[in-house]
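Asks: So that you have it, the file is query.pdb, and it contains PDB, C-alpha atoms and all ligand atoms:
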ATOM      1  CA  MET B   1     -20.996  -8.337 130.263  1.00  0.00           C
ATOM      2  CA  ALA B   2     -22.476  -5.124 128.908  1.00  0.00           C
ATOM      3  CA  ASP B   3     -20.310  -3.026 131.244  1.00  0.00           C
ATOM      4  CA  ALA B   4     -17.207  -4.925 130.152  1.00  0.00           C
ATOM      5  CA  ASN B   5     -17.811  -4.206 126.452  1.00  0.00           C
ATOM      6  CA  GLY B   6     -19.008  -0.624 126.857  1.00  0.00           C
ATOM      7  CA  GLN B   7     -21.589   1.335 124.892  1.00  0.00           C
ATOM      8  CA  PRO B   8     -21.532  -0.835 121.713  1.00  0.00           C
ATOM      9  CA  ALA B   9     -22.788  -3.737 123.852  1.00  0.00           C
ATOM     10  CA  GLU B  10     -26.022  -2.024 124.927  1.00  0.00           C
ATOM     11  CA  PRO B  11     -28.139  -4.744 123.202  1.00  0.00           C
ATOM     12  CA  LEU B  12     -27.002  -7.085 125.981  1.00  0.00           C
ATOM     13  CA  ARG B  13     -29.070  -5.171 128.521  1.00  0.00           C
ATOM     14  CA  ARG B  14     -32.320  -5.966 126.724  1.00  0.00           C
ATOM     15  CA  CYS B  15     -31.609  -9.333 125.124  1.00  0.00           C
ATOM     16  CA  ASP B  16     -32.755 -12.716 126.406  1.00  0.00           C
ATOM     17  CA  VAL B  17     -29.402 -14.535 126.306  1.00  0.00           C
ATOM     18  CA  GLY B  18     -25.802 -13.456 125.845  1.00  0.00           C
ATOM     19  CA  ILE B  19     -23.140 -16.005 124.917  1.00  0.00           C
ATOM     20  CA  LEU B  20     -19.442 -15.295 125.397  1.00  0.00           C
ATOM     21  CA  ILE B  21     -17.365 -17.214 122.856  1.00  0.00           C
ATOM     22  CA  LEU B  22     -13.961 -18.243 124.218  1.00  0.00           C
ATOM     23  CA  GLY B  23     -10.742 -19.528 122.684  1.00  0.00           C
ATOM     24  CA  ASP B  24      -8.876 -22.174 124.693  1.00  0.00           C
ATOM     25  CA  LEU B  25      -5.192 -21.930 123.734  1.00  0.00           C
ATOM     26  CA  ASP B  26      -4.471 -25.289 125.373  1.00  0.00           C
ATOM     27  CA  ARG B  27      -6.734 -26.883 122.775  1.00  0.00           C
ATOM     28  CA  ALA B  28      -5.719 -24.737 119.791  1.00  0.00           C
ATOM     29  CA  PHE B  29      -4.371 -26.378 116.601  1.00  0.00           C
ATOM     30  CA  PRO B  30      -0.677 -26.919 117.567  1.00  0.00           C
ATOM     31  CA  PRO B  31       0.991 -26.010 114.201  1.00  0.00           C
ATOM     32  CA  ALA B  32      -0.916 -22.687 113.990  1.00  0.00           C
ATOM     33  CA  LYS B  33      -2.554 -21.673 117.256  1.00  0.00           C
ATOM     34  CA  ASP B  34      -3.902 -18.414 115.801  1.00  0.00           C
ATOM     35  CA  TYR B  35      -6.614 -20.430 114.073  1.00  0.00           C
ATOM     36  CA  TRP B  36      -8.508 -20.036 117.364  1.00  0.00           C
ATOM     37  CA  VAL B  37      -9.566 -16.570 116.178  1.00  0.00           C
ATOM     38  CA  ILE B  38     -11.057 -17.921 112.954  1.00  0.00           C
ATOM     39  CA  ASP B  39     -12.683 -20.815 114.798  1.00  0.00           C
ATOM     40  CA  GLY B  40     -14.305 -18.365 117.234  1.00  0.00           C
ATOM     41  CA  ALA B  41     -15.675 -16.277 114.377  1.00  0.00           C
ATOM     42  CA  ILE B  42     -17.084 -19.358 112.645  1.00  0.00           C
ATOM     43  CA  ALA B  43     -18.709 -20.506 115.901  1.00  0.00           C
ATOM     44  CA  GLY B  44     -20.321 -17.084 116.330  1.00  0.00           C
ATOM     45  CA  GLN B  45     -21.567 -16.914 112.762  1.00  0.00           C
ATOM     46  CA  ASN B  46     -22.969 -20.443 112.970  1.00  0.00           C
ATOM     47  CA  MET B  47     -24.852 -19.536 116.160  1.00  0.00           C
ATOM     48  CA  ILE B  48     -26.285 -16.463 114.429  1.00  0.00           C
ATOM     49  CA  LEU B  49     -27.395 -18.465 111.378  1.00  0.00           C
ATOM     50  CA  ALA B  50     -28.922 -21.245 113.485  1.00  0.00           C
ATOM     51  CA  ALA B  51     -30.789 -18.673 115.587  1.00  0.00           C
ATOM     52  CA  GLU B  52     -32.029 -16.896 112.462  1.00  0.00           C
ATOM     53  CA  GLY B  53     -33.488 -20.209 111.255  1.00  0.00           C
ATOM     54  CA  LEU B  54     -35.434 -20.431 114.516  1.00  0.00           C
ATOM     55  CA  GLY B  55     -36.759 -16.888 114.229  1.00  0.00           C
ATOM     56  CA  ILE B  56     -34.376 -15.605 116.898  1.00  0.00           C
ATOM     57  CA  GLY B  57     -32.536 -12.341 116.328  1.00  0.00           C
ATOM     58  CA  SER B  58     -28.930 -11.725 117.321  1.00  0.00           C
ATOM     59  CA  VAL B  59     -26.162  -9.181 117.252  1.00  0.00           C
ATOM     60  CA  TRP B  60     -22.442  -9.800 117.312  1.00  0.00           C
ATOM     61  CA  LEU B  61     -20.602  -7.768 119.934  1.00  0.00           C
ATOM     62  CA  GLY B  62     -16.932  -7.538 119.032  1.00  0.00           C
ATOM     63  CA  THR B  63     -14.504  -8.317 121.849  1.00  0.00           C
ATOM     64  CA  TRP B  64     -11.073  -9.668 120.750  1.00  0.00           C
ATOM     65  CA  PRO B  65      -8.741  -7.928 119.761  1.00  0.00           C
ATOM     66  CA  GLN B  66     -10.032  -4.958 121.773  1.00  0.00           C
ATOM     67  CA  MET B  67      -7.947  -5.890 124.776  1.00  0.00           C
ATOM     68  CA  ASP B  68      -9.700  -3.608 127.283  1.00  0.00           C
ATOM     69  CA  ARG B  69     -12.896  -5.600 126.626  1.00  0.00           C
ATOM     70  CA  VAL B  70     -10.996  -8.894 126.660  1.00  0.00           C
ATOM     71  CA  GLU B  71      -9.456  -8.116 130.066  1.00  0.00           C
ATOM     72  CA  LYS B  72     -12.759  -7.014 131.586  1.00  0.00           C
ATOM     73  CA  GLN B  73     -14.584 -10.145 130.370  1.00  0.00           C
ATOM     74  CA  ARG B  74     -11.678 -12.254 131.604  1.00  0.00           C
ATOM     75  CA  LYS B  75     -11.965 -10.764 135.114  1.00  0.00           C
ATOM     76  CA  LEU B  76     -15.758 -11.027 135.142  1.00  0.00           C
ATOM     77  CA  PHE B  77     -15.709 -14.757 134.396  1.00  0.00           C
ATOM     78  CA  LEU B  78     -12.479 -15.569 136.305  1.00  0.00           C
ATOM     79  CA  LEU B  79     -10.918 -17.021 133.157  1.00  0.00           C
ATOM     80  CA  PRO B  80      -7.486 -18.658 133.204  1.00  0.00           C
ATOM     81  CA  ASP B  81      -4.733 -16.963 131.139  1.00  0.00           C
ATOM     82  CA  THR B  82      -5.049 -19.566 128.380  1.00  0.00           C
ATOM     83  CA  VAL B  83      -8.773 -18.917 127.823  1.00  0.00           C
ATOM     84  CA  ILE B  84      -9.407 -15.791 125.754  1.00  0.00           C
ATOM     85  CA  PRO B  85     -12.716 -13.958 125.233  1.00  0.00           C
ATOM     86  CA  HIS B  86     -13.440 -13.756 121.497  1.00  0.00           C
ATOM     87  CA  SER B  87     -16.938 -12.274 121.002  1.00  0.00           C
ATOM     88  CA  VAL B  88     -20.272 -11.908 122.683  1.00  0.00           C
ATOM     89  CA  ILE B  89     -23.450 -12.749 120.792  1.00  0.00           C
ATOM     90  CA  ALA B  90     -26.708 -11.296 122.134  1.00  0.00           C
ATOM     91  CA  PHE B  91     -29.877 -13.231 121.243  1.00  0.00           C
ATOM     92  CA  GLY B  92     -33.518 -12.273 121.519  1.00  0.00           C
ATOM     93  CA  TYR B  93     -36.857 -12.192 119.784  1.00  0.00           C
ATOM     94  CA  PRO B  94     -36.681  -9.531 117.057  1.00  0.00           C
ATOM     95  CA  ALA B  95     -38.563  -6.281 117.560  1.00  0.00           C
ATOM     96  CA  GLU B  96     -38.813  -5.754 113.809  1.00  0.00           C
ATOM     97  CA  GLU B  97     -39.051  -7.878 110.690  1.00  0.00           C
ATOM     98  CA  LYS B  98     -36.326  -7.614 108.049  1.00  0.00           C
ATOM     99  CA  LYS B  99     -37.685  -7.292 104.533  1.00  0.00           C
ATOM    100  CA  GLY B 100     -36.085  -7.475 101.120  1.00  0.00           C
ATOM    101  CA  GLU B 101     -32.506  -6.908 100.102  1.00  0.00           C
ATOM    102  CA  HIS B 102     -29.954  -5.707 102.626  1.00  0.00           C
ATOM    103  CA  PRO B 103     -29.572  -1.879 102.368  1.00  0.00           C
ATOM    104  CA  ASP B 104     -25.749  -2.138 102.307  1.00  0.00           C
ATOM    105  CA  TYR B 105     -25.629  -4.661  99.443  1.00  0.00           C
ATOM    106  CA  GLU B 106     -23.490  -3.333  96.581  1.00  0.00           C
ATOM    107  CA  GLU B 107     -23.658  -5.455  93.467  1.00  0.00           C
ATOM    108  CA  SER B 108     -20.564  -3.704  92.064  1.00  0.00           C
ATOM    109  CA  ARG B 109     -18.474  -5.259  94.862  1.00  0.00           C
ATOM    110  CA  VAL B 110     -19.276  -8.821  93.824  1.00  0.00           C
ATOM    111  CA  HIS B 111     -16.855 -10.165  91.221  1.00  0.00           C
ATOM    112  CA  PHE B 112     -17.207 -13.252  89.038  1.00  0.00           C
ATOM    113  CA  GLU B 113     -14.279 -15.118  87.424  1.00  0.00           C
ATOM    114  CA  GLN B 114     -11.975 -12.080  87.597  1.00  0.00           C
ATOM    115  CA  TRP B 115     -11.705  -8.775  89.534  1.00  0.00           C
TER     116      TRP B 115
HETATM  117  C1  LIG B 201     -16.524  -8.454 114.264  1.00  0.00           C
HETATM  118  C2  LIG B 201     -17.842  -7.789 114.550  1.00  0.00           C
HETATM  119  C3  LIG B 201     -17.980  -7.011 115.684  1.00  0.00           C
HETATM  120  C4  LIG B 201     -19.190  -6.364 115.966  1.00  0.00           C
HETATM  121  N1  LIG B 201     -19.311  -5.627 117.096  1.00  0.00           N
HETATM  122  C5  LIG B 201     -20.492  -5.035 117.394  1.00  0.00           C
HETATM  123  C6  LIG B 201     -20.679  -4.304 118.593  1.00  0.00           C
HETATM  124  O1  LIG B 201     -19.763  -4.215 119.429  1.00  0.00           O
HETATM  125  N2  LIG B 201     -21.888  -3.737 118.814  1.00  0.00           N
HETATM  126  C7  LIG B 201     -22.941  -3.859 117.924  1.00  0.00           C
HETATM  127  O2  LIG B 201     -24.017  -3.309 118.184  1.00  0.00           O
HETATM  128  N3  LIG B 201     -22.798  -4.574 116.803  1.00  0.00           N
HETATM  129  C8  LIG B 201     -21.609  -5.151 116.527  1.00  0.00           C
HETATM  130  N4  LIG B 201     -21.475  -5.900 115.396  1.00  0.00           N
HETATM  131  C9  LIG B 201     -22.671  -6.125 114.571  1.00  0.00           C
HETATM  132  C10 LIG B 201     -22.757  -5.170 113.429  1.00  0.00           C
HETATM  133  O3  LIG B 201     -22.986  -3.879 113.926  1.00  0.00           O
HETATM  134  C11 LIG B 201     -23.915  -5.580 112.528  1.00  0.00           C
HETATM  135  O4  LIG B 201     -25.101  -5.504 113.252  1.00  0.00           O
HETATM  136  C12 LIG B 201     -23.779  -6.965 112.017  1.00  0.00           C
HETATM  137  O5  LIG B 201     -22.489  -7.151 111.472  1.00  0.00           O
HETATM  138  C13 LIG B 201     -24.820  -7.237 110.936  1.00  0.00           C
HETATM  139  O6  LIG B 201     -24.824  -6.138 110.123  1.00  0.00           O
HETATM  140  P1  LIG B 201     -25.651  -6.028 108.827  1.00  0.00           P
HETATM  141  O7  LIG B 201     -26.943  -6.706 109.055  1.00  0.00           O
HETATM  142  O8  LIG B 201     -25.768  -4.538 108.654  1.00  0.00           O
HETATM  143  O9  LIG B 201     -24.804  -6.671 107.797  1.00  0.00           O
HETATM  144  C14 LIG B 201     -20.276  -6.528 115.089  1.00  0.00           C
HETATM  145  C15 LIG B 201     -20.129  -7.312 113.942  1.00  0.00           C
HETATM  146  C16 LIG B 201     -18.948  -7.946 113.676  1.00  0.00           C
HETATM  147  C17 LIG B 201     -18.834  -8.825 112.450  1.00  0.00           C
END
Take the structure in this file and express it as structure tokens.
Replies:
Amino acid sequence: MADANGQPAEPLRRCDVGILILGDLDRAFPPAKDYWVIDGAIAGQNMILAAEGLGIGSVWLGTWPQMDRVEKQRKLFLLPDTVIPHSVIAFGYPAEEKKGEHPDYEESRVHFEQW
């Protein structure tokens, strides 16, 4: 899986579990099949939040719409054409503890009532 996603997926080599999230177009919402992309992102984020609650660390490894990664994951797992790799989430026990406010948080980018 790490080879398929290239250098940004290095965490996969050291993690405990990697989960490949897939979209199944045969089961996508018929009036708007593209919702599969949003559903995949929600599934990934929910896994990350649930893991966090258990003290398990994770990192999201972007796959779709980087089609070179999508095709390599598809070949690796022998996926049918209607099943599309969305993201990989690597899970493991954190090597460091996060403390305090996120360093990228910018209060000026949060708007209330109006822009
Ligand atoms: C769509 C998406 C794709 C990502 N792809 C990668 C990736 O390929 N490799 C990686 O190390 N992290 C990847 N990340 C994780 C980010 O680098 C970052 O660790 C994560 O969004 C949490 O960042 P923060 O704690 O700085 O907000 C991705 C995150 C998102 C949302």
Asks: Starting from the PyMOL selection byres (((chain B and resi 10-15) around 6) and not hetatm), expand the selection into actual residues of this file and give them as a PDB file with C-alpha atoms, in the frame of the given file.
Replies:
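Contents of selection_16.pdb, freshly written:
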ATOM      1  CA  ALA B   2     -22.476  -5.124 128.908  1.00  0.00           C
ATOM      2  CA  GLN B   7     -21.589   1.335 124.892  1.00  0.00           C
ATOM      3  CA  PRO B   8     -21.532  -0.835 121.713  1.00  0.00           C
ATOM      4  CA  ALA B   9     -22.788  -3.737 123.852  1.00  0.00           C
ATOM      5  CA  ASP B  16     -32.755 -12.716 126.406  1.00  0.00           C
ATOM      6  CA  VAL B  17     -29.402 -14.535 126.306  1.00  0.00           C
ATOM      7  CA  ALA B  90     -26.708 -11.296 122.134  1.00  0.00           C
ATOM      8  CA  PHE B  91     -29.877 -13.231 121.243  1.00  0.00           C
ATOM      9  CA  GLY B  92     -33.518 -12.273 121.519  1.00  0.00           C
TER      10      GLY B  92
END
Asks: Just the number, please: distance in Å from CA of Arg69 (chain B) to CA of Asp3 (chain B), one decimal.
Replies: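 So the answer is 9.1 Å.
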Asks: Please give the centre and size of the box around region 87-97 of chain B (axis-aligned, containing every atom listed in the file, 6 Å added per side), with values in Å to one decimal and written as JSON.
Replies:
{"center_x": -28.0, "center_y": -9.5, "center_z": 116.7, "size_x": 34.1, "size_y": 19.5, "size_z": 24.0}
Asks: Let me make sure I understand: among B:Ala50, B:Val83, B:Val110, B:Met67, which one has the smallest atom-to-atom distance to Arg27 (chain B) if we use all atoms listed in the file?
Replies: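 The shortest atom-to-atom distance to Arg27 (chain B) comes from B:Val83.
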Asks: On this structure, the PyMOL selection byres (((not hetatm)) within 12 of (chain B and resi 201)) would catch which residues? List them as a PyMOL selection string, sorted by chain and number.
Replies: chain B and resi 1-13+15+37-38+40-42+44-45+48-49+52+57-66+69+86-91+98-99+101-106
Asks: In Å to one decimal, how far is CA of Gly23 (chain B) from CA of Trp36 (chain B)?
Replies: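 These atoms are spaced 5.8 Å apart.
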Asks: Considering all atoms listed in the file, return as a PyMOL selection string whatever protein or nucleic-acid residues lie within 10 Å of Asp81 (chain B), sequence-local ones (same chain, fewer than 6 positions apart) excluded.
Replies: chain B and resi 24-25+74
Asks: Those residues you just picked out, can you put them in a file as an mmCIF file, in the coordinates of the input with C-alpha atoms?
Replies:
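The resulting file, part.cif, is shown below:
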data_model
loop_
_atom_site.group_PDB
_atom_site.id
_atom_site.type_symbol
_atom_site.label_atom_id
_atom_site.label_comp_id
_atom_site.auth_asym_id
_atom_site.auth_seq_id
_atom_site.Cartn_x
_atom_site.Cartn_y
_atom_site.Cartn_z
ATOM 1 C CA ASP B 24 -8.876 -22.174 124.693
ATOM 2 C CA LEU B 25 -5.192 -21.930 123.734
ATOM 3 C CA ARG B 74 -11.678 -12.254 131.604
#
